[in-house]
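The file coords33.txt contains compact mmCIF, C-alpha atoms:
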# COMPACT_ATOMS: atom_id res chain seq x y z
CA MET A 41 16.47 -45.21 11.65
CA GLY A 42 18.66 -42.14 11.86
CA LYS A 43 21.59 -41.80 14.21
CA THR A 44 22.93 -38.91 16.25
CA ASP A 45 26.28 -37.25 15.56
CA LYS A 46 27.80 -39.67 18.08
CA GLY A 47 26.60 -42.67 16.05
CA GLU A 48 23.90 -43.56 18.59
CA HIS A 49 20.24 -44.04 17.84
CA PRO A 50 18.15 -41.07 19.04
CA LEU A 51 16.06 -41.51 22.17
CA ILE A 52 12.51 -42.56 21.31
CA TYR A 53 9.83 -41.85 23.87
CA ASP A 54 7.05 -44.34 24.39
CA ASP A 55 5.28 -42.89 27.41
CA TYR A 56 2.66 -40.86 25.50
CA THR A 57 -1.05 -41.32 25.95
CA VAL A 58 -2.91 -41.06 22.66
CA GLN A 59 -6.48 -39.81 22.95
CA GLU A 60 -9.11 -38.48 20.59
CA VAL A 61 -9.53 -34.71 20.92
CA ASP A 62 -12.99 -33.53 21.94
CA PRO A 63 -14.47 -31.62 18.94
CA ASN A 64 -16.25 -29.16 21.27
CA TRP A 65 -12.93 -28.25 22.84
CA LEU A 66 -11.47 -27.60 19.40
CA GLN A 67 -14.35 -25.27 18.54
CA GLU A 68 -13.59 -23.17 21.61
CA ARG A 69 -9.83 -22.98 21.00
CA VAL A 70 -8.23 -19.64 21.63
CA LYS A 71 -6.94 -17.90 18.54
CA PRO A 72 -3.70 -15.96 18.69
CA LYS A 73 -4.02 -12.19 18.70
CA ARG A 74 -2.37 -12.02 15.29
CA HIS A 75 -3.56 -12.01 11.71
CA ILE A 76 -2.11 -12.45 8.25
CA GLY A 77 -2.23 -9.27 6.21
CA LEU A 78 -1.77 -8.69 2.50
CA THR A 79 -0.29 -5.65 0.77
CA ALA A 80 -2.05 -6.17 -2.56
CA GLU A 81 0.27 -3.85 -4.49
CA LEU A 82 3.22 -6.15 -3.72
CA CYS A 83 1.45 -9.42 -4.57
CA ILE A 84 2.70 -11.02 -7.80
CA MET A 85 -0.02 -13.71 -7.66
CA CYS A 86 2.51 -16.55 -7.71
CA ARG A 87 0.24 -18.52 -5.35
CA ALA A 88 3.21 -19.76 -3.31
CA CYS A 89 1.22 -18.97 -0.14
CA GLU A 90 -1.52 -21.37 -1.25
CA ASP A 91 0.99 -24.04 -2.12
CA VAL A 92 2.98 -23.90 1.13
CA CYS A 93 0.07 -23.62 3.60
CA PRO A 94 -0.03 -26.83 5.68
CA TRP A 95 -3.65 -26.16 6.68
CA GLU A 96 -4.84 -25.50 3.12
CA CYS A 97 -6.68 -22.39 4.26
CA ILE A 98 -5.38 -19.81 1.75
CA PHE A 99 -7.20 -19.30 -1.53
CA MET A 100 -6.72 -17.03 -4.55
CA MET A 101 -10.16 -16.93 -6.11
CA SER A 102 -11.95 -15.27 -8.97
CA PRO A 103 -13.45 -11.86 -8.14
CA SER A 104 -16.77 -13.23 -9.41
CA ILE A 105 -17.25 -14.87 -5.99
CA ILE A 106 -18.11 -11.42 -4.62
CA ARG A 107 -21.85 -10.99 -5.09
CA ASP A 108 -24.35 -8.73 -3.39
CA ALA A 109 -21.82 -7.00 -1.17
CA ASP A 110 -23.26 -4.57 1.37
CA LYS A 111 -21.04 -1.78 0.12
CA GLN A 112 -20.70 -0.61 -3.47
CA SER A 113 -17.02 0.09 -2.82
CA VAL A 114 -16.45 -3.63 -2.21
CA MET A 115 -18.21 -4.52 -5.47
CA THR A 116 -16.17 -1.93 -7.37
CA LEU A 117 -12.91 -3.21 -5.88
CA ALA A 118 -13.82 -6.80 -6.80
CA GLU A 119 -14.65 -5.77 -10.37
CA GLN A 120 -11.25 -4.08 -10.70
CA SER A 121 -9.26 -6.96 -9.19
CA ALA A 122 -7.56 -9.88 -10.90
CA SER A 123 -8.19 -12.15 -7.91
CA VAL A 124 -9.51 -12.22 -4.37
CA PHE A 125 -7.17 -13.32 -1.56
CA ILE A 126 -9.00 -15.30 1.13
CA ILE A 127 -7.78 -16.91 4.34
CA ASP A 128 -10.16 -19.26 6.15
CA ASP A 129 -9.84 -17.82 9.65
CA ASN A 130 -11.35 -20.93 11.21
CA GLU A 131 -8.49 -23.06 9.90
CA CYS A 132 -5.56 -20.63 9.96
CA THR A 133 -3.24 -21.16 12.93
CA ARG A 134 -1.12 -18.08 12.15
CA CYS A 135 1.96 -20.24 11.74
CA ALA A 136 3.24 -17.60 9.27
CA ILE A 137 4.78 -20.15 6.91
CA CYS A 138 3.03 -18.28 4.09
CA VAL A 139 4.61 -15.02 5.25
CA GLU A 140 8.07 -16.58 5.19
CA ARG A 141 7.46 -18.12 1.76
CA CYS A 142 6.13 -14.99 0.02
CA PRO A 143 8.81 -13.92 -2.48
CA SER A 144 7.55 -10.33 -2.76
CA ASP A 145 6.94 -9.67 0.96
CA ALA A 146 3.27 -9.03 0.22
CA LEU A 147 2.15 -11.04 3.27
CA TRP A 148 2.81 -9.92 6.81
CA LEU A 149 1.92 -11.00 10.33
CA GLY A 150 0.26 -8.35 12.46
CA ARG A 151 -1.30 -8.06 15.89
CA THR A 152 -4.92 -7.36 16.66
CA ASP A 153 -6.07 -5.28 19.60
CA GLN A 154 -8.66 -7.79 20.75
Please render this file's structure as structure tokens.
Amino acid sequence: MGKTDKGEHPLIYDDYTVQEVDPNWLQERVKPKRHIGLTAELCIMCRACEDVCPWECIFMMSPSIIRDADKQSVMTLAEQSASVFIIDDNECTRCAICVERCPSDALWLGRTDQ
């Protein structure tokens, strides 16, 4: 066990109550009014964001996953892209670890108006 700078053992709390979290409560959790944005021109596709994400909710995927898009412009963009950057919004907590890790500053944390 580690010790403090004074050579003492750190205080360990034992007065916690451990309970299972209600899954319905988790489904209704309030999301922060922030989002992770990507400036594609700056992305060097190093995939460091995928690697560092503790929630495993960031994916660089093949553009072939885009099929039957409602807009032709989306299809055209996918056809011209080397990869598709996807964040699973249901899992992302907006911790911004990926933003801090990005070596080219392609990722950023922004606010939504909602």
A:Arg134, A:His75, A:Arg141, A:Arg151 ranked by distance to A:Ala88, top pick (using all atoms listed in the file) |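 Using all atoms listed in the file, A:Ala88 sits closest to A:Arg141.
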A:Asp110, A:Met101, A:Ser144, A:Val92 ranked by distance to A:Ala122, top pick (using only C-alpha atoms) |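 The closest residue to A:Ala122 is A:Met101.
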Near A:Cys89, within 12 Å and counting only C-alpha atoms, which residues show up once chain neighbours fewer than 5 positions away are dropped, as JSON, numbers by chain?
-> {"A": [76, 78, 83, 84, 94, 95, 96, 97, 98, 99, 100, 125, 126, 127, 135, 136, 137, 138, 139, 140, 141, 142, 143, 144, 145, 146, 147, 148]}
Give me, please, the distance in Å between atom CA of A:Ser104 and atom CA of A:Leu117, quoted to one decimal.
->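 That distance, rounded to one decimal, is 11.3 Å.
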Choose the residue, out of A:Met115, A:Arg107, A:Asn64, A:Gly77, that has the smallest atom-to-atom separation from A:Asp129; count all atoms listed in the file.
-> A:Gly77
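Separating atom CA of A:Gln112 from atom CA of A:Arg87 is a distance of 27.6 Å.
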For stretch 75-90 of chain A, what centre and edge lengths in Å (one decimal) does the axis-aligned box get once 5 Å is added on each side of all its listed atoms, as lines of an AutoDock Vina configuration file?
center_x = -0.2
center_y = -12.6
center_z = 2.0
size_x = 16.8
size_y = 27.5
size_z = 29.5
In Å to one decimal, how far is atom CA of A:Leu82 from atom CA of A:Leu149?
->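 A separation of 14.9 Å between them.
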